[in-house]
Amino acid sequence: QVQLVESGGGSVQAGGSLRLSCVASGDTASRYCMGWFRQTPGKDREAVAVMSTGPIDGLSVVYADSVKGRFTISRDSAKSTLFLEMNSLKPEDTAMYYCAAGPRRFAGMCSLSYAMANWGKGALVTISS
């Protein structure tokens with residue numbers, strides 16, 4: 001089990017950039033799929049990017065088609081922090097962004113539909129046109 005706290009949300013104009021951070025605490029040494037999800041009012045939560053963590057990060061990385069080439073997921077294992085670098089932002093990227101983690105078996109692969117067990121409280125991202 002891990003506890004997750006997001007930061008870095010904010011408001012930028014279209015074309016700008018933001019970086020979200022998610023600090024994990026608890027059992028951070030175990031293997032997980034960790035990812036970023038987003039949700040807007042009245043819509044289902046959408047997976048944005050998911051990656052495998054521990055013991056080697058990033059052996060499995062997947063992105064939603066809507067963010068490929070613009071967003072990058074990464075992790076600083078020493079600081080137990082997951083990042084989402086967001087570039088070329090569009091108004092349709094406006095959403096509450098959530099960090100999540102789910103335990104992963106040895107050699108298990110991650111996917112956008114991976115079952116996450118732990119969630120942060122979210123960080124709001126607003127993109128103006």
# chains A, B, ... in the order shown; residues from 1 in each chain; ligands from 1
call {"tool": "select_by_dssp", "arguments": {"residues": "chain A", "states": "helix (DSSP H, G or I)", "output": "list of chain:residue names"}}
result
A:Ser77, A:Ala78, A:Lys79, A:Pro91, A:Glu92, A:Asp93
call {"tool": "residues_around", "arguments": {"residues": "Arg31 (chain A)", "least_positions_apart": "6", "cutoff": "12 Å", "atoms": "only C-alpha atoms", "output": "list in words"}}
result
Gln1, Val2, Met51, Ser52, Thr53, Gly54, Pro55, Ile56, Asp57, Gly58, Leu59, Ser60, Ser77, Ala101, Gly102, Pro103, Arg104, Arg105, Phe106, Ala107, Gly108, Met109 and Cys110 of chain A
call {"tool": "write_last_selection", "arguments": {"atoms": "N, CA, C and O atoms", "output": "mmCIF file, in the first residue's frame"}}
result
data_model
loop_
_atom_site.group_PDB
_atom_site.id
_atom_site.type_symbol
_atom_site.label_atom_id
_atom_site.label_comp_id
_atom_site.auth_asym_id
_atom_site.auth_seq_id
_atom_site.Cartn_x
_atom_site.Cartn_y
_atom_site.Cartn_z
ATOM 1 N N GLN A 1 0.836 -1.195 0.000
ATOM 2 C CA GLN A 1 0.000 0.000 0.000
ATOM 3 C C GLN A 1 0.872 1.245 0.000
ATOM 4 O O GLN A 1 1.888 1.307 0.677
ATOM 5 N N VAL A 2 0.449 2.213 -0.787
ATOM 6 C CA VAL A 2 1.137 3.504 -0.802
ATOM 7 C C VAL A 2 0.110 4.605 -0.652
ATOM 8 O O VAL A 2 -1.050 4.473 -1.026
ATOM 9 N N MET A 51 3.025 3.561 -16.021
ATOM 10 C CA MET A 51 4.352 2.959 -16.152
ATOM 11 C C MET A 51 4.595 1.970 -15.027
ATOM 12 O O MET A 51 3.999 2.070 -13.954
ATOM 13 N N SER A 52 5.493 1.030 -15.283
ATOM 14 C CA SER A 52 5.885 0.077 -14.247
ATOM 15 C C SER A 52 6.972 0.691 -13.382
ATOM 16 O O SER A 52 7.815 1.459 -13.864
ATOM 17 N N THR A 53 6.934 0.379 -12.097
ATOM 18 C CA THR A 53 7.970 0.848 -11.173
ATOM 19 C C THR A 53 8.487 -0.310 -10.335
ATOM 20 O O THR A 53 7.714 -1.224 -10.006
ATOM 21 N N GLY A 54 9.789 -0.284 -10.028
ATOM 22 C CA GLY A 54 10.412 -1.273 -9.171
ATOM 23 C C GLY A 54 10.566 -2.634 -9.792
ATOM 24 O O GLY A 54 9.635 -3.155 -10.367
ATOM 25 N N PRO A 55 11.721 -3.305 -9.651
ATOM 26 C CA PRO A 55 12.970 -2.680 -9.215
ATOM 27 C C PRO A 55 13.600 -1.765 -10.263
ATOM 28 O O PRO A 55 14.395 -0.901 -9.942
ATOM 29 N N ILE A 56 13.212 -1.955 -11.545
ATOM 30 C CA ILE A 56 13.665 -1.054 -12.603
ATOM 31 C C ILE A 56 12.448 -0.325 -13.138
ATOM 32 O O ILE A 56 11.463 -0.956 -13.526
ATOM 33 N N ASP A 57 12.493 0.988 -13.143
ATOM 34 C CA ASP A 57 11.341 1.773 -13.586
ATOM 35 C C ASP A 57 11.256 1.835 -15.107
ATOM 36 O O ASP A 57 12.263 1.878 -15.805
ATOM 37 N N GLY A 58 10.027 1.872 -15.598
ATOM 38 C CA GLY A 58 9.808 2.190 -16.996
ATOM 39 C C GLY A 58 9.961 1.054 -17.985
ATOM 40 O O GLY A 58 10.031 1.311 -19.188
ATOM 41 N N LEU A 59 10.004 -0.204 -17.516
ATOM 42 C CA LEU A 59 10.076 -1.310 -18.478
ATOM 43 C C LEU A 59 8.779 -1.434 -19.260
ATOM 44 O O LEU A 59 8.758 -1.993 -20.359
ATOM 45 N N SER A 60 7.718 -0.935 -18.697
ATOM 46 C CA SER A 60 6.409 -0.932 -19.352
ATOM 47 C C SER A 60 5.838 0.468 -19.208
ATOM 48 O O SER A 60 5.649 0.951 -18.099
ATOM 49 N N SER A 77 12.997 7.516 -8.449
ATOM 50 C CA SER A 77 12.832 6.471 -7.443
ATOM 51 C C SER A 77 13.445 6.864 -6.111
ATOM 52 O O SER A 77 12.938 6.485 -5.055
ATOM 53 N N ALA A 101 -1.739 4.034 -8.058
ATOM 54 C CA ALA A 101 -0.781 2.931 -8.038
ATOM 55 C C ALA A 101 -1.513 1.628 -7.786
ATOM 56 O O ALA A 101 -2.495 1.582 -7.035
ATOM 57 N N GLY A 102 -1.007 0.550 -8.420
ATOM 58 C CA GLY A 102 -1.565 -0.774 -8.210
ATOM 59 C C GLY A 102 -0.449 -1.784 -8.129
ATOM 60 O O GLY A 102 0.501 -1.717 -8.925
ATOM 61 N N PRO A 103 -0.499 -2.724 -7.178
ATOM 62 C CA PRO A 103 0.563 -3.728 -7.055
ATOM 63 C C PRO A 103 0.729 -4.520 -8.344
ATOM 64 O O PRO A 103 -0.241 -4.818 -9.040
ATOM 65 N N ARG A 104 1.982 -4.871 -8.633
ATOM 66 C CA ARG A 104 2.293 -5.560 -9.885
ATOM 67 C C ARG A 104 3.087 -6.820 -9.575
ATOM 68 O O ARG A 104 4.031 -6.771 -8.781
ATOM 69 N N ARG A 105 2.728 -7.926 -10.211
ATOM 70 C CA ARG A 105 3.481 -9.164 -10.041
ATOM 71 C C ARG A 105 4.815 -9.075 -10.771
ATOM 72 O O ARG A 105 4.995 -8.262 -11.669
ATOM 73 N N PHE A 106 5.725 -9.953 -10.409
ATOM 74 C CA PHE A 106 7.020 -10.020 -11.075
ATOM 75 C C PHE A 106 6.794 -10.202 -12.573
ATOM 76 O O PHE A 106 6.048 -11.064 -13.004
ATOM 77 N N ALA A 107 7.447 -9.373 -13.388
ATOM 78 C CA ALA A 107 7.352 -9.394 -14.852
ATOM 79 C C ALA A 107 5.966 -9.002 -15.362
ATOM 80 O O ALA A 107 5.673 -9.131 -16.559
ATOM 81 N N GLY A 108 5.118 -8.524 -14.468
ATOM 82 C CA GLY A 108 3.791 -8.104 -14.917
ATOM 83 C C GLY A 108 3.850 -6.823 -15.726
ATOM 84 O O GLY A 108 4.649 -5.932 -15.444
ATOM 85 N N MET A 109 3.030 -6.731 -16.747
ATOM 86 C CA MET A 109 3.001 -5.560 -17.612
ATOM 87 C C MET A 109 1.907 -4.606 -17.153
ATOM 88 O O MET A 109 0.913 -5.015 -16.557
ATOM 89 N N CYS A 110 2.081 -3.348 -17.475
ATOM 90 C CA CYS A 110 1.092 -2.332 -17.133
ATOM 91 C C CYS A 110 0.282 -1.968 -18.367
ATOM 92 O O CYS A 110 0.748 -2.122 -19.499
#
call {"tool": "residues_around", "arguments": {"residues": "region 113-120 of chain A", "least_positions_apart": "6", "cutoff": "9 Å", "atoms": "only C-alpha atoms", "output": "PyMOL selection string"}}
result
chain A and resi 1-6+22+33-35+47+50+98-103
call {"tool": "residues_around", "arguments": {"residues": "region 67-72 of chain A", "least_positions_apart": "2", "cutoff": "12 Å", "atoms": "only C-alpha atoms", "output": "number ranges by chain"}}
result
A: 15-21, 35-38, 46-51, 58, 61-65, 74-75, 82-90, 92-93
call {"tool": "atom_distance", "arguments": {"atom1": "CA of Ser111 (chain A)", "atom2": "CA of Thr28 (chain A)"}}
result
19.7 Å
call {"tool": "select_by_dssp", "arguments": {"residues": "region 6-123 of chain A", "states": "strand (DSSP E or B)", "output": "MDAnalysis selection string"}}
result
chainID A and resid 6:7 10:13 18:26 32:39 46:53 61:63 71:76 81:86 95:103 118:119 123
call {"tool": "write_last_selection", "arguments": {"atoms": "C-alpha atoms", "output": "mmCIF file, in the first residue's frame"}}
result
data_model
loop_
_atom_site.group_PDB
_atom_site.id
_atom_site.type_symbol
_atom_site.label_atom_id
_atom_site.label_comp_id
_atom_site.auth_asym_id
_atom_site.auth_seq_id
_atom_site.Cartn_x
_atom_site.Cartn_y
_atom_site.Cartn_z
ATOM 1 C CA GLU A 6 -0.228 15.245 -6.090
ATOM 2 C CA SER A 7 1.033 18.770 -6.679
ATOM 3 C CA GLY A 10 -2.483 25.209 -12.162
ATOM 4 C CA SER A 11 -3.722 27.378 -14.987
ATOM 5 C CA VAL A 12 -1.845 28.004 -18.236
ATOM 6 C CA GLN A 13 -2.682 29.119 -21.726
ATOM 7 C CA LEU A 18 2.972 22.064 -16.684
ATOM 8 C CA ARG A 19 4.596 19.351 -14.606
ATOM 9 C CA LEU A 20 2.601 17.344 -12.114
ATOM 10 C CA SER A 21 4.304 15.577 -9.218
ATOM 11 C CA CYS A 22 3.069 12.727 -7.061
ATOM 12 C CA VAL A 23 4.942 11.872 -3.881
ATOM 13 C CA ALA A 24 4.430 8.326 -2.649
ATOM 14 C CA SER A 25 4.868 7.124 0.925
ATOM 15 C CA GLY A 26 4.483 3.736 2.517
ATOM 16 C CA TYR A 32 3.683 -1.273 -8.997
ATOM 17 C CA CYS A 33 1.999 0.066 -12.031
ATOM 18 C CA MET A 34 1.757 3.786 -11.390
ATOM 19 C CA GLY A 35 -0.046 6.252 -13.530
ATOM 20 C CA TRP A 36 -1.918 9.451 -14.136
ATOM 21 C CA PHE A 37 -5.622 9.681 -14.765
ATOM 22 C CA ARG A 38 -7.895 12.630 -15.418
ATOM 23 C CA GLN A 39 -11.556 13.424 -15.084
ATOM 24 C CA GLU A 46 -9.596 8.562 -18.328
ATOM 25 C CA ALA A 47 -6.175 6.944 -18.095
ATOM 26 C CA VAL A 48 -3.474 9.285 -19.376
ATOM 27 C CA ALA A 49 -0.201 7.421 -18.808
ATOM 28 C CA VAL A 50 0.893 4.360 -16.863
ATOM 29 C CA MET A 51 4.352 2.959 -16.152
ATOM 30 C CA SER A 52 5.885 0.077 -14.247
ATOM 31 C CA THR A 53 7.970 0.848 -11.173
ATOM 32 C CA VAL A 61 5.067 2.507 -20.340
ATOM 33 C CA VAL A 62 1.792 3.293 -22.083
ATOM 34 C CA TYR A 63 0.076 6.541 -23.074
ATOM 35 C CA PHE A 71 2.998 14.125 -22.212
ATOM 36 C CA THR A 72 5.818 12.190 -20.553
ATOM 37 C CA ILE A 73 5.541 10.049 -17.440
ATOM 38 C CA SER A 74 8.637 9.454 -15.344
ATOM 39 C CA ARG A 75 9.726 8.659 -11.814
ATOM 40 C CA ASP A 76 12.495 9.670 -9.459
ATOM 41 C CA THR A 81 8.035 10.779 -6.861
ATOM 42 C CA LEU A 82 6.093 10.229 -10.062
ATOM 43 C CA PHE A 83 5.965 13.020 -12.642
ATOM 44 C CA LEU A 84 3.800 13.928 -15.593
ATOM 45 C CA GLU A 85 5.430 16.447 -17.904
ATOM 46 C CA MET A 86 2.719 18.043 -20.030
ATOM 47 C CA ALA A 95 -9.327 18.224 -15.889
ATOM 48 C CA MET A 96 -8.640 17.026 -12.383
ATOM 49 C CA TYR A 97 -5.554 14.847 -12.604
ATOM 50 C CA TYR A 98 -5.098 11.910 -10.248
ATOM 51 C CA CYS A 99 -2.051 9.834 -9.412
ATOM 52 C CA ALA A 100 -2.654 6.135 -8.803
ATOM 53 C CA ALA A 101 -0.781 2.931 -8.038
ATOM 54 C CA GLY A 102 -1.565 -0.774 -8.210
ATOM 55 C CA PRO A 103 0.563 -3.728 -7.055
ATOM 56 C CA ASN A 118 -4.401 3.552 -4.300
ATOM 57 C CA TRP A 119 -5.359 7.056 -5.424
ATOM 58 C CA ALA A 123 -4.592 18.265 -8.837
#
call {"tool": "decode", "arguments": {"residues": "region 18-59 of chain A", "atoms": "N, CA and C atoms", "output": "mmCIF file, in the first residue's frame"}}
result
data_model
loop_
_atom_site.group_PDB
_atom_site.id
_atom_site.type_symbol
_atom_site.label_atom_id
_atom_site.label_comp_id
_atom_site.auth_asym_id
_atom_site.auth_seq_id
_atom_site.Cartn_x
_atom_site.Cartn_y
_atom_site.Cartn_z
ATOM 1 N N LEU A 18 3.078 22.244 -18.130
ATOM 2 C CA LEU A 18 2.972 22.064 -16.684
ATOM 3 C C LEU A 18 3.621 20.730 -16.335
ATOM 4 N N ARG A 19 4.093 20.626 -15.096
ATOM 5 C CA ARG A 19 4.596 19.351 -14.606
ATOM 6 C C ARG A 19 3.888 19.001 -13.308
ATOM 7 N N LEU A 20 3.238 17.862 -13.319
ATOM 8 C CA LEU A 20 2.601 17.344 -12.114
ATOM 9 C C LEU A 20 3.563 16.422 -11.381
ATOM 10 N N SER A 21 3.498 16.460 -10.054
ATOM 11 C CA SER A 21 4.304 15.577 -9.218
ATOM 12 C C SER A 21 3.392 14.778 -8.306
ATOM 13 N N CYS A 22 3.823 13.589 -7.969
ATOM 14 C CA CYS A 22 3.069 12.727 -7.061
ATOM 15 C C CYS A 22 4.070 12.054 -6.127
ATOM 16 N N VAL A 23 4.033 12.448 -4.868
ATOM 17 C CA VAL A 23 4.942 11.872 -3.881
ATOM 18 C C VAL A 23 4.262 10.673 -3.232
ATOM 19 N N ALA A 24 4.953 9.555 -3.243
ATOM 20 C CA ALA A 24 4.430 8.326 -2.649
ATOM 21 C C ALA A 24 5.098 8.064 -1.303
ATOM 22 N N SER A 25 4.330 7.548 -0.383
ATOM 23 C CA SER A 25 4.868 7.124 0.925
ATOM 24 C C SER A 25 4.270 5.775 1.271
ATOM 25 N N GLY A 26 4.933 5.081 2.167
ATOM 26 C CA GLY A 26 4.483 3.736 2.517
ATOM 27 C C GLY A 26 5.384 2.704 1.879
ATOM 28 N N ASP A 27 4.826 1.670 1.302
ATOM 29 C CA ASP A 27 5.583 0.576 0.713
ATOM 30 C C ASP A 27 6.038 0.925 -0.696
ATOM 31 N N THR A 28 6.952 1.877 -0.808
ATOM 32 C CA THR A 28 7.370 2.365 -2.129
ATOM 33 C C THR A 28 8.386 1.463 -2.808
ATOM 34 N N ALA A 29 8.917 0.480 -2.107
ATOM 35 C CA ALA A 29 9.938 -0.382 -2.700
ATOM 36 C C ALA A 29 9.355 -1.527 -3.511
ATOM 37 N N SER A 30 8.079 -1.790 -3.362
ATOM 38 C CA SER A 30 7.469 -2.911 -4.069
ATOM 39 C C SER A 30 7.210 -2.572 -5.536
ATOM 40 N N ARG A 31 6.847 -3.590 -6.283
ATOM 41 C CA ARG A 31 6.547 -3.396 -7.703
ATOM 42 C C ARG A 31 5.115 -2.874 -7.880
ATOM 43 N N TYR A 32 4.988 -1.861 -8.727
ATOM 44 C CA TYR A 32 3.683 -1.273 -8.997
ATOM 45 C C TYR A 32 3.545 -0.936 -10.482
ATOM 46 N N CYS A 33 2.328 -0.767 -10.881
ATOM 47 C CA CYS A 33 1.999 0.066 -12.031
ATOM 48 C C CYS A 33 1.536 1.381 -11.434
ATOM 49 N N MET A 34 2.149 2.463 -11.869
ATOM 50 C CA MET A 34 1.757 3.786 -11.390
ATOM 51 C C MET A 34 1.373 4.638 -12.587
ATOM 52 N N GLY A 35 0.393 5.494 -12.385
ATOM 53 C CA GLY A 35 -0.046 6.252 -13.530
ATOM 54 C C GLY A 35 -0.785 7.523 -13.180
ATOM 55 N N TRP A 36 -1.145 8.220 -14.213
ATOM 56 C CA TRP A 36 -1.918 9.451 -14.136
ATOM 57 C C TRP A 36 -3.240 9.264 -14.858
ATOM 58 N N PHE A 37 -4.271 9.742 -14.224
ATOM 59 C CA PHE A 37 -5.622 9.681 -14.765
ATOM 60 C C PHE A 37 -6.225 11.074 -14.686
ATOM 61 N N ARG A 38 -7.245 11.333 -15.491
ATOM 62 C CA ARG A 38 -7.895 12.630 -15.418
ATOM 63 C C ARG A 38 -9.393 12.476 -15.569
ATOM 64 N N GLN A 39 -10.092 13.457 -15.034
ATOM 65 C CA GLN A 39 -11.556 13.424 -15.084
ATOM 66 C C GLN A 39 -12.105 14.837 -15.113
ATOM 67 N N THR A 40 -13.116 15.027 -15.947
ATOM 68 C CA THR A 40 -13.861 16.274 -15.991
ATOM 69 C C THR A 40 -15.287 15.984 -15.556
ATOM 70 N N PRO A 41 -15.993 17.009 -15.063
ATOM 71 C CA PRO A 41 -17.358 16.782 -14.569
ATOM 72 C C PRO A 41 -18.249 16.142 -15.619
ATOM 73 N N GLY A 42 -18.960 15.113 -15.224
ATOM 74 C CA GLY A 42 -19.897 14.464 -16.120
ATOM 75 C C GLY A 42 -19.284 13.432 -17.047
ATOM 76 N N LYS A 43 -17.983 13.235 -16.940
ATOM 77 C CA LYS A 43 -17.312 12.257 -17.802
ATOM 78 C C LYS A 43 -16.624 11.188 -16.957
ATOM 79 N N ASP A 44 -16.393 10.038 -17.578
ATOM 80 C CA ASP A 44 -15.671 8.968 -16.909
ATOM 81 C C ASP A 44 -14.201 9.344 -16.742
ATOM 82 N N ARG A 45 -13.576 8.763 -15.720
ATOM 83 C CA ARG A 45 -12.149 8.986 -15.537
ATOM 84 C C ARG A 45 -11.376 8.313 -16.674
ATOM 85 N N GLU A 46 -10.369 9.013 -17.174
ATOM 86 C CA GLU A 46 -9.596 8.562 -18.328
ATOM 87 C C GLU A 46 -8.147 8.325 -17.921
ATOM 88 N N ALA A 47 -7.587 7.193 -18.323
ATOM 89 C CA ALA A 47 -6.175 6.944 -18.095
ATOM 90 C C ALA A 47 -5.349 7.767 -19.059
ATOM 91 N N VAL A 48 -4.333 8.428 -18.561
ATOM 92 C CA VAL A 48 -3.474 9.285 -19.376
ATOM 93 C C VAL A 48 -2.151 8.586 -19.683
ATOM 94 N N ALA A 49 -1.497 8.081 -18.644
ATOM 95 C CA ALA A 49 -0.201 7.421 -18.808
ATOM 96 C C ALA A 49 0.039 6.505 -17.622
ATOM 97 N N VAL A 50 0.614 5.346 -17.907
ATOM 98 C CA VAL A 50 0.893 4.360 -16.863
ATOM 99 C C VAL A 50 2.280 3.778 -17.110
ATOM 100 N N MET A 51 3.025 3.561 -16.021
ATOM 101 C CA MET A 51 4.352 2.959 -16.152
ATOM 102 C C MET A 51 4.595 1.970 -15.027
ATOM 103 N N SER A 52 5.493 1.030 -15.283
ATOM 104 C CA SER A 52 5.885 0.077 -14.247
ATOM 105 C C SER A 52 6.972 0.691 -13.382
ATOM 106 N N THR A 53 6.934 0.379 -12.097
ATOM 107 C CA THR A 53 7.970 0.848 -11.173
ATOM 108 C C THR A 53 8.487 -0.310 -10.335
ATOM 109 N N GLY A 54 9.789 -0.284 -10.028
ATOM 110 C CA GLY A 54 10.412 -1.273 -9.171
ATOM 111 C C GLY A 54 10.566 -2.634 -9.792
ATOM 112 N N PRO A 55 11.721 -3.305 -9.651
ATOM 113 C CA PRO A 55 12.970 -2.680 -9.215
ATOM 114 C C PRO A 55 13.600 -1.765 -10.263
ATOM 115 N N ILE A 56 13.212 -1.955 -11.545
ATOM 116 C CA ILE A 56 13.665 -1.054 -12.603
ATOM 117 C C ILE A 56 12.448 -0.325 -13.138
ATOM 118 N N ASP A 57 12.493 0.988 -13.143
ATOM 119 C CA ASP A 57 11.341 1.773 -13.586
ATOM 120 C C ASP A 57 11.256 1.835 -15.107
ATOM 121 N N GLY A 58 10.027 1.872 -15.598
ATOM 122 C CA GLY A 58 9.808 2.190 -16.996
ATOM 123 C C GLY A 58 9.961 1.054 -17.985
ATOM 124 N N LEU A 59 10.004 -0.204 -17.516
ATOM 125 C CA LEU A 59 10.076 -1.310 -18.478
ATOM 126 C C LEU A 59 8.779 -1.434 -19.260
#
